[in-house]
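Data from work-v7.csv: CSV, C-alpha atoms and all ligand atoms
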```
chain,number,residue,atom,x,y,z
F,1,MET,CA,-20.6,43.7,-85.8
F,2,THR,CA,-22.2,44.4,-82.4
F,3,ARG,CA,-25.5,46.4,-82.5
F,4,ILE,CA,-27.2,47.8,-79.4
F,5,SER,CA,-31.0,48.2,-79.6
F,6,VAL,CA,-32.5,51.3,-78.2
F,7,GLY,CA,-36.2,50.8,-77.5
F,8,SER,CA,-39.0,53.4,-77.2
F,9,GLU,CA,-38.8,53.2,-73.3
F,10,ASP,CA,-35.0,53.5,-73.1
F,11,ARG,CA,-33.3,56.5,-71.6
F,12,VAL,CA,-29.6,56.8,-72.7
F,13,PHE,CA,-26.8,58.3,-70.6
F,14,VAL,CA,-23.5,58.7,-72.5
F,15,LEU,CA,-20.2,59.4,-70.8
F,16,THR,CA,-17.3,60.4,-73.1
F,17,GLY,CA,-13.6,60.8,-72.4
F,18,ALA,CA,-10.4,62.0,-74.2
F,19,GLY,CA,-10.5,58.9,-76.5
F,20,ILE,CA,-13.5,60.2,-78.5
F,21,SER,CA,-11.5,63.2,-79.6
F,22,ALA,CA,-8.4,61.2,-80.5
F,23,GLU,CA,-9.5,60.7,-84.1
F,24,SER,CA,-9.9,64.5,-84.3
F,25,GLY,CA,-6.2,64.8,-83.6
F,26,LEU,CA,-6.4,65.7,-79.9
F,27,PRO,CA,-4.1,63.4,-77.9
F,28,THR,CA,-5.3,61.5,-74.8
F,29,PHE,CA,-2.9,61.5,-72.0
F,30,ARG,CA,-2.9,57.8,-70.8
F,31,ALA,CA,-1.6,57.0,-74.3
F,32,SER,CA,1.6,58.8,-73.6
F,33,ASP,CA,2.8,57.4,-70.2
F,34,GLY,CA,0.7,59.7,-68.1
F,35,LEU,CA,1.9,62.9,-69.8
F,36,TRP,CA,-0.6,65.3,-71.3
F,37,GLU,CA,1.2,66.9,-74.3
F,38,GLY,CA,4.5,66.5,-72.7
F,39,HIS,CA,3.5,67.9,-69.3
F,40,ARG,CA,3.1,66.2,-65.9
F,41,ILE,CA,-0.5,66.7,-64.7
F,42,GLU,CA,0.9,68.0,-61.4
F,43,ASP,CA,2.6,70.8,-63.2
F,44,VAL,CA,-0.3,72.2,-65.2
F,45,CYS,CA,-3.6,70.8,-64.0
F,46,THR,CA,-3.8,71.0,-60.2
F,47,PRO,CA,-4.7,73.8,-57.7
F,48,GLU,CA,-1.0,73.7,-56.5
F,49,ALA,CA,0.3,74.2,-60.1
F,50,TRP,CA,-2.0,77.3,-60.4
F,51,GLN,CA,-0.7,78.7,-57.2
F,52,ARG,CA,2.9,78.0,-58.1
F,53,ASN,CA,3.0,79.0,-61.7
F,54,PRO,CA,-0.2,80.5,-63.3
F,55,ALA,CA,1.8,81.6,-66.4
F,56,LEU,CA,2.6,77.9,-67.2
F,57,VAL,CA,-1.0,76.8,-66.6
F,58,TRP,CA,-2.3,79.5,-68.9
F,59,GLU,CA,0.4,78.7,-71.5
F,60,PHE,CA,-0.7,75.0,-71.4
F,61,TYR,CA,-4.4,75.7,-71.7
F,62,SER,CA,-3.8,78.4,-74.4
F,63,ALA,CA,-2.1,75.7,-76.4
F,64,ARG,CA,-5.0,73.3,-75.8
F,65,ARG,CA,-7.4,76.1,-77.0
F,66,ALA,CA,-5.4,76.6,-80.2
F,67,ALA,CA,-5.4,72.8,-80.9
F,68,GLY,CA,-9.1,72.5,-80.0
F,69,ALA,CA,-10.0,75.3,-82.4
F,70,ALA,CA,-8.1,73.7,-85.2
F,71,ALA,CA,-9.7,70.3,-84.7
F,72,GLN,CA,-13.0,69.1,-86.3
F,73,PRO,CA,-15.7,66.8,-84.9
F,74,ASN,CA,-15.2,63.2,-86.1
F,75,PRO,CA,-17.9,60.5,-86.9
F,76,ALA,CA,-18.1,59.5,-83.3
F,77,HIS,CA,-19.2,63.0,-82.2
F,78,ILE,CA,-21.6,63.2,-85.1
F,79,GLY,CA,-23.0,59.7,-84.3
F,80,LEU,CA,-23.9,60.8,-80.8
F,81,ALA,CA,-25.5,64.0,-82.0
F,82,THR,CA,-27.5,61.9,-84.5
F,83,LEU,CA,-28.7,59.6,-81.7
F,84,GLU,CA,-29.7,62.6,-79.7
F,85,SER,CA,-31.8,64.0,-82.6
F,86,ARG,CA,-33.7,60.6,-82.6
F,87,LEU,CA,-34.2,60.4,-78.8
F,88,GLY,CA,-34.7,64.0,-77.7
F,89,ASP,CA,-34.9,64.3,-74.0
F,90,ARG,CA,-34.4,60.5,-73.6
F,91,PHE,CA,-30.7,61.2,-74.3
F,92,PHE,CA,-28.1,62.9,-72.0
F,93,LEU,CA,-24.4,63.4,-72.7
F,94,CYS,CA,-21.8,63.9,-70.0
F,95,THR,CA,-18.3,64.6,-71.2
F,96,GLN,CA,-15.0,64.7,-69.3
F,97,ASN,CA,-13.6,66.5,-72.3
F,98,VAL,CA,-12.9,70.2,-72.2
F,99,ASP,CA,-13.0,70.6,-76.0
F,100,ASP,CA,-16.2,71.7,-77.7
F,101,LEU,CA,-16.3,69.1,-80.4
F,102,HIS,CA,-19.6,67.6,-79.1
F,103,GLU,CA,-21.4,71.0,-79.4
F,104,ARG,CA,-19.9,71.6,-82.9
F,105,ALA,CA,-21.2,68.2,-84.0
F,106,GLY,CA,-24.7,69.3,-82.8
F,107,SER,CA,-25.1,67.9,-79.3
F,108,VAL,CA,-27.3,70.0,-77.1
F,109,ARG,CA,-28.3,68.1,-73.9
F,110,LEU,CA,-24.7,67.9,-72.5
F,111,VAL,CA,-22.6,68.8,-69.5
F,112,HIS,CA,-18.9,69.3,-69.3
F,113,MET,CA,-18.1,67.8,-65.9
F,114,HIS,CA,-14.4,68.8,-66.1
F,115,GLY,CA,-15.0,72.3,-67.4
F,116,GLU,CA,-14.6,74.0,-70.8
F,117,LEU,CA,-11.5,75.3,-72.6
F,118,ALA,CA,-13.4,78.3,-74.0
F,119,LYS,CA,-14.3,79.8,-70.6
F,120,ALA,CA,-12.5,81.4,-67.7
F,121,ARG,CA,-13.6,82.3,-64.2
F,122,CYS,CA,-12.4,84.2,-61.1
F,123,SER,CA,-9.5,82.5,-59.3
F,124,TRP,CA,-10.7,84.1,-56.1
F,125,GLU,CA,-13.9,82.1,-56.3
F,126,CYS,CA,-16.0,85.3,-55.8
F,127,GLY,CA,-19.1,83.6,-57.1
F,128,LYS,CA,-19.4,85.3,-60.5
F,129,ALA,CA,-20.4,83.0,-63.4
F,130,PRO,CA,-17.7,81.8,-65.8
F,131,VAL,CA,-17.1,84.1,-68.9
F,132,GLU,CA,-16.6,83.2,-72.5
F,133,ASP,CA,-12.8,83.4,-73.2
F,134,CYS,CA,-11.1,81.6,-76.0
F,135,LYS,CA,-8.0,83.8,-76.2
F,136,VAL,CA,-4.6,82.2,-76.8
F,137,TYR,CA,-2.5,84.1,-74.2
F,138,THR,CA,1.2,84.6,-74.7
F,139,SER,CA,1.8,86.3,-71.4
F,140,LEU,CA,0.1,86.4,-68.0
F,141,ASP,CA,-0.1,90.2,-68.3
F,142,GLU,CA,-2.7,89.7,-71.1
F,143,VAL,CA,-5.1,87.8,-68.8
F,144,SER,CA,-8.0,89.9,-67.5
F,145,ARG,CA,-9.0,90.3,-63.9
F,146,CYS,CA,-12.4,89.8,-62.5
F,147,SER,CA,-14.3,92.9,-61.3
F,148,CYS,CA,-13.4,91.8,-57.7
F,149,GLY,CA,-9.7,91.9,-58.5
F,150,GLY,CA,-9.0,88.2,-58.9
F,151,ARG,CA,-7.0,86.9,-61.9
F,152,LEU,CA,-9.1,84.9,-64.3
F,153,ARG,CA,-8.2,81.2,-64.4
F,154,PRO,CA,-9.2,78.5,-67.0
F,155,HIS,CA,-12.7,77.2,-66.3
F,156,ILE,CA,-11.2,73.7,-65.9
F,157,VAL,CA,-11.7,71.3,-63.0
F,158,PHE,CA,-8.2,70.7,-61.9
F,159,PHE,CA,-7.3,67.3,-60.4
F,160,GLY,CA,-8.3,67.3,-56.8
F,161,GLU,CA,-11.3,69.7,-57.4
F,162,ILE,CA,-14.9,68.8,-57.4
F,163,PRO,CA,-16.5,68.1,-60.8
F,164,LEU,CA,-19.3,70.3,-62.1
F,165,GLU,CA,-23.0,69.5,-62.3
F,166,MET,CA,-22.9,66.3,-60.2
F,167,GLY,CA,-26.5,66.7,-59.0
F,168,ARG,CA,-27.8,66.7,-62.5
F,169,ILE,CA,-25.5,63.9,-63.6
F,170,LYS,CA,-26.6,61.6,-60.7
F,171,LYS,CA,-30.3,62.3,-61.5
F,172,GLU,CA,-29.7,61.4,-65.2
F,173,ILE,CA,-27.8,58.2,-64.3
F,174,ARG,CA,-30.7,57.2,-61.9
F,175,ASN,CA,-33.2,57.6,-64.8
F,176,ALA,CA,-31.0,55.8,-67.4
F,177,THR,CA,-31.8,52.3,-68.8
F,178,LEU,CA,-28.7,52.3,-71.0
F,179,MET,CA,-25.3,53.7,-70.3
F,180,VAL,CA,-22.8,54.1,-73.1
F,181,VAL,CA,-19.2,55.0,-72.1
F,182,VAL,CA,-16.7,56.0,-74.8
F,183,GLY,CA,-12.9,56.5,-74.8
F,184,THR,CA,-12.1,56.8,-71.1
F,185,SER,CA,-9.5,54.8,-69.3
F,186,GLY,CA,-11.6,54.3,-66.1
F,187,SER,CA,-8.9,55.9,-63.9
F,188,VAL,CA,-10.4,59.3,-63.2
F,189,TYR,CA,-13.0,59.5,-60.4
F,190,PRO,CA,-15.9,60.0,-59.9
F,191,ALA,CA,-16.5,59.3,-63.6
F,192,ALA,CA,-15.1,55.8,-63.3
F,193,ASN,CA,-17.9,55.0,-60.8
F,194,PHE,CA,-20.8,56.0,-63.1
F,195,VAL,CA,-21.0,52.5,-64.6
F,196,HIS,CA,-21.4,51.1,-61.1
F,197,TRP,CA,-24.2,53.6,-60.3
F,198,ALA,CA,-25.9,52.7,-63.5
F,199,ARG,CA,-25.7,49.0,-62.8
F,200,GLU,CA,-27.2,49.5,-59.4
F,201,GLY,CA,-30.2,51.0,-61.1
F,202,GLY,CA,-30.5,48.0,-63.5
F,203,ALA,CA,-29.2,49.7,-66.7
F,204,ARG,CA,-27.4,47.9,-69.5
F,205,THR,CA,-23.8,49.3,-69.7
F,206,VAL,CA,-21.7,49.4,-72.9
F,207,TYR,CA,-18.1,50.5,-73.3
F,208,VAL,CA,-16.6,51.5,-76.7
F,209,GLY,CA,-12.8,52.0,-77.2
F,210,PRO,CA,-9.8,50.3,-78.7
F,211,GLU,CA,-8.9,48.5,-75.4
F,212,PRO,CA,-10.8,47.5,-72.3
F,213,PRO,CA,-10.8,50.3,-69.6
F,214,LEU,CA,-9.6,49.6,-66.0
F,215,ASN,CA,-13.3,49.1,-64.9
F,216,ALA,CA,-14.1,46.8,-67.8
F,217,SER,CA,-15.6,44.1,-65.6
F,218,ALA,CA,-18.5,46.4,-64.6
F,219,PHE,CA,-19.8,46.6,-68.2
F,220,THR,CA,-22.4,44.3,-69.7
F,221,HIS,CA,-20.8,44.8,-73.1
F,222,VAL,CA,-17.3,45.9,-74.2
F,223,VAL,CA,-17.1,46.8,-77.9
F,224,GLU,CA,-13.4,47.0,-78.9
F,225,GLY,CA,-12.7,49.5,-81.7
F,226,LYS,CA,-12.1,53.1,-82.4
F,227,ALA,CA,-15.1,55.3,-81.5
F,228,GLY,CA,-15.3,56.9,-85.0
F,229,GLU,CA,-15.6,53.5,-86.6
F,230,VAL,CA,-17.9,51.8,-84.0
F,231,LEU,CA,-20.4,54.5,-82.9
F,232,PRO,CA,-22.0,55.5,-86.2
F,233,GLY,CA,-23.4,52.0,-86.8
F,234,LEU,CA,-23.8,50.9,-83.2
F,235,PHE,CA,-27.3,51.8,-82.3
F,236,VAL,CA,-30.6,50.4,-83.7
F,237,VAL,CA,-33.3,52.8,-82.7
Y,1,LIG,P1,-7.4,59.0,-70.8
Y,1,LIG,O1,-6.4,59.8,-71.5
Y,1,LIG,O2,-7.1,58.6,-69.4
Y,1,LIG,O3,-7.8,57.7,-71.6
Y,1,LIG,C1,-8.1,57.8,-73.0
Y,1,LIG,C2,-8.8,56.5,-73.3
Y,1,LIG,O4,-9.3,56.7,-74.7
Y,1,LIG,C3,-8.0,55.2,-73.3
Y,1,LIG,O5,-8.7,54.3,-72.5
Y,1,LIG,C4,-7.9,54.8,-74.7
Y,1,LIG,O6,-7.9,53.4,-74.9
Y,1,LIG,C5,-9.1,55.4,-75.3
Y,1,LIG,N1,-9.0,55.7,-76.8
Y,1,LIG,C6,-7.9,56.1,-77.5
Y,1,LIG,N2,-8.2,56.2,-78.8
Y,1,LIG,C7,-9.5,56.0,-78.9
Y,1,LIG,C8,-10.4,56.0,-80.0
Y,1,LIG,N3,-10.1,56.3,-81.2
Y,1,LIG,N4,-11.7,55.7,-79.7
Y,1,LIG,C9,-12.2,55.5,-78.5
Y,1,LIG,N5,-11.3,55.4,-77.4
Y,1,LIG,C10,-10.0,55.7,-77.6
Y,1,LIG,O7,-8.8,59.9,-70.9
Y,1,LIG,P2,-9.9,60.1,-69.8
Y,1,LIG,O8,-10.2,58.9,-69.1
Y,1,LIG,O9,-10.9,60.9,-70.5
Y,1,LIG,O10,-9.2,61.1,-68.7
Y,1,LIG,C11,-8.5,62.1,-69.1
Y,1,LIG,C12,-8.8,63.5,-68.4
Y,1,LIG,O11,-8.0,64.4,-69.2
Y,1,LIG,C13,-10.2,63.9,-68.6
Y,1,LIG,O12,-10.6,64.4,-67.4
Y,1,LIG,C14,-10.2,65.0,-69.6
Y,1,LIG,O13,-10.9,66.2,-69.1
Y,1,LIG,C15,-8.8,65.4,-69.8
Y,1,LIG,N6,-8.4,65.4,-71.3
Y,1,LIG,C16,-9.3,66.0,-72.1
Y,1,LIG,C17,-9.0,66.1,-73.5
Y,1,LIG,C18,-10.0,66.7,-74.4
Y,1,LIG,O14,-10.8,67.5,-74.0
Y,1,LIG,N7,-10.0,66.4,-75.7
Y,1,LIG,C19,-7.8,65.5,-74.0
Y,1,LIG,C20,-6.9,64.9,-73.1
Y,1,LIG,C21,-7.3,64.8,-71.7
```

Please go through the file and, once you have read it, give me the structure as C-alpha cells.
Ligand code: NAD
Amino acid sequence: MTRISVGSEDRVFVLTGAGISAESGLPTFRASDGLWEGHRIEDVCTPEAWQRNPALVWEFYSARRAAGAAAQPNPAHIGLATLESRLGDRFFLCTQNVDDLHERAGSVRLVHMHGELAKARCSWECGKAPVEDCKVYTSLDEVSRCSCGGRLRPHIVFFGEIPLEMGRIKKEIRNATLMVVVGTSGSVYPAANFVHWAREGGARTVYVGPEPPLNASAFTHVVEGKAGEVLPGLFVV
C-alpha cells in the first residue's frame, strides 16, 4: 500500500473533482459518456443554455440540490478533513465540486472554484454577493429576483465562464510542496493545469482515483483506487 509522507515543512494543496463524491452516490459525468445525469452539458451548464432555457437549468440544478442534500460525506471527505485538522494552515483544499460534502465532513480552508449548489446570484451580474439558496424549484415562477430586477441564477460556474478565486488558488499552489489531486478526469481547464503549475514550483504531485487521468504523466505518483478506500490511510504525518 502506497503511503505519502507529510513532513513538518510541507504545505499541502488538494484538488478534488466529481470522483471524490462518487462513493457518496453522486454520479460523475465522464463515467456516463459525457452526460451529466442524462443531460448534455450544453443544455444545462453553459451561458447559452441559461439564455435559451432558464427553466431547464433550474430544473437540473434543483435535482442536483435534492441529490446533494440526501448524500453523506464518505471516508475520502473525512480523511481530508482529518488531514486538515493535523496541518492547520499548511493545508488548502480546492474543489471543483458544487456539492457541500467537504464542509459537512469538517473541511474549513476550502474554495469551490466552480461554485456552490446551495447559493444563487443575480443573472444580470449587478455585483451583489451570492445569497444562500437551497430551494428545490418546481417552476421558474418560484425563483426570486434580485433587488435590481435580475432573475437569480444558480451560483455555478458554467462551462465557458471564469472559475472563482483564481488569485488565491494560484498563490496557494505557488506555496505548496505537495499537491494531491483526487477524482478528476484531467479534462476540465484550468484545473487540469494545476499539476503543471505545482511541478514548476518543485512540488511532489500525487493523483488518487480508479484510473489514470488524462494528465497522468504530469504526476510523480498515481495511486490507483477508490478515493474512499485509499485516502484514509494514505498520509503519514
Ligand atoms: P469527471 O466527471 O470528468 O471525472 C470523474 C473522475 O472521477 C474520473 O476520472 C473517474 O475515474 C474518477 N472517479 C470515479 N470514481 C471515483 C472514486 N470512487 N474515487 C476517486 N475517483 C473516482 O469529473 P471532474 O474532472 O471533476 O469534472 C467534472 C465537472 O463537473 C466539475 O467541474 C464539477 O464541478 C462538475 N460535477 C460536480 C459534481 C459534484 O459536485 N459532486 C458531480 C458531477 C460533476

Exercise answer, 6 Å around ligand LIG 1 (chain Y) with all atoms listed in the file, as a PyMOL selection string: chain F and resi 17-23+26-30+96-99+114+182-186+188+209-211+213+226-227

If we count all atoms listed in the file and set the cut-off at 12 Å, which residues sit around segment 131-135 of chain F, ignoring sequence neighbours fewer than 4 positions away in its own chain? Please answer as a compact mmCIF listing (two decimals) with C-alpha atoms, in the coordinates of the input.
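In the end it all went to selection_39.txt:
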```
# COMPACT_ATOMS: atom_id res chain seq x y z
CA TRP F 58 -2.30 79.50 -68.90
CA GLU F 59 0.40 78.70 -71.50
CA TYR F 61 -4.40 75.70 -71.70
CA SER F 62 -3.80 78.40 -74.40
CA ALA F 63 -2.10 75.70 -76.40
CA ARG F 64 -5.00 73.30 -75.80
CA ARG F 65 -7.40 76.10 -77.00
CA ALA F 66 -5.40 76.60 -80.20
CA ALA F 67 -5.40 72.80 -80.90
CA GLY F 68 -9.10 72.50 -80.00
CA ALA F 69 -10.00 75.30 -82.40
CA ASP F 99 -13.00 70.60 -76.00
CA ASP F 100 -16.20 71.70 -77.70
CA GLU F 116 -14.60 74.00 -70.80
CA LEU F 117 -11.50 75.30 -72.60
CA ALA F 118 -13.40 78.30 -74.00
CA LYS F 119 -14.30 79.80 -70.60
CA ALA F 120 -12.50 81.40 -67.70
CA ARG F 121 -13.60 82.30 -64.20
CA CYS F 122 -12.40 84.20 -61.10
CA GLY F 127 -19.10 83.60 -57.10
CA SER F 139 1.80 86.30 -71.40
CA LEU F 140 0.10 86.40 -68.00
CA GLU F 142 -2.70 89.70 -71.10
CA VAL F 143 -5.10 87.80 -68.80
CA SER F 144 -8.00 89.90 -67.50
CA ARG F 145 -9.00 90.30 -63.90
CA CYS F 146 -12.40 89.80 -62.50
CA SER F 147 -14.30 92.90 -61.30
CA LEU F 152 -9.10 84.90 -64.30
CA ARG F 153 -8.20 81.20 -64.40
CA PRO F 154 -9.20 78.50 -67.00
CA HIS F 155 -12.70 77.20 -66.30
```

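Distances from F:Gly225, F:Pro130, F:Pro163, F:Pro73 to Glu103 of chain F were compared using all atoms listed in the file, and the smallest one belongs to F:Pro73.
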
- With a distance cut-off of 9 Å and all atoms listed in the file, select the neighbouring residues of Leu164 of chain F, excluding the residue or stretch itself and same-chain residues fewer than 3 positions from it, and output the selection as a count of residues only. 7

One residue among F:Ala191, F:Ala203, F:Leu214, F:Val208 is nearest to Ile162 of chain F when using only C-alpha atoms, and that residue is F:Ala191

- Can you tell me, as a list of chain:residue names, what residues are no more than 7 Å from segment 82-92 of chain F when counting only C-alpha atoms, ignoring any on the same chain fewer than 6 positions away?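 Near segment 82-92 of chain F, the qualifying residues are F:Arg11, F:Val12, F:Phe13, F:Val14, F:Arg109, F:Leu110.
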
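If you look at atom CA of Gly160 of chain F and atom CA of Glu42 of chain F, they are 10.3 Å away from each other.
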
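For the set F:Leu231, F:Ala176, F:Val237, F:Leu15, the residue with the smallest atom-to-atom gap to Ile78 of chain F is F:Leu231, counting only C-alpha atoms.
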
Just the number, please: distance in Å from atom CA of Arg151 of chain F to atom CA of Val57 of chain F, one decimal.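 The value is 12.7 Å.
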
Atom CA of Val108 of chain F sits from atom CA of Lys171 of chain F at a separation of 17.7 Å

- Item | Residue nearest Ala105 of chain F - candidates F:Glu37, F:Thr46, F:Val136, F:Leu80, atoms counted: only C-alpha atoms |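 For Ala105 of chain F, the nearest of the candidates is F:Leu80.
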
Counting only C-alpha atoms, the residue of F:Gly79, F:Pro54, F:Pro47, F:Gly106 that sits nearest Glu229 of chain F
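Using only C-alpha atoms, Glu229 of chain F sits closest to F:Gly79.
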
- prompt: Which residue, F:Asp141, F:Ser123, F:Ser187, F:Ala198, has the smallest gap to Lys170 of chain F when you use all atoms listed in the file?
  reply: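 Ranking F:Asp141, F:Ser123, F:Ser187, F:Ala198 by distance to Lys170 of chain F, first place goes to F:Ala198.
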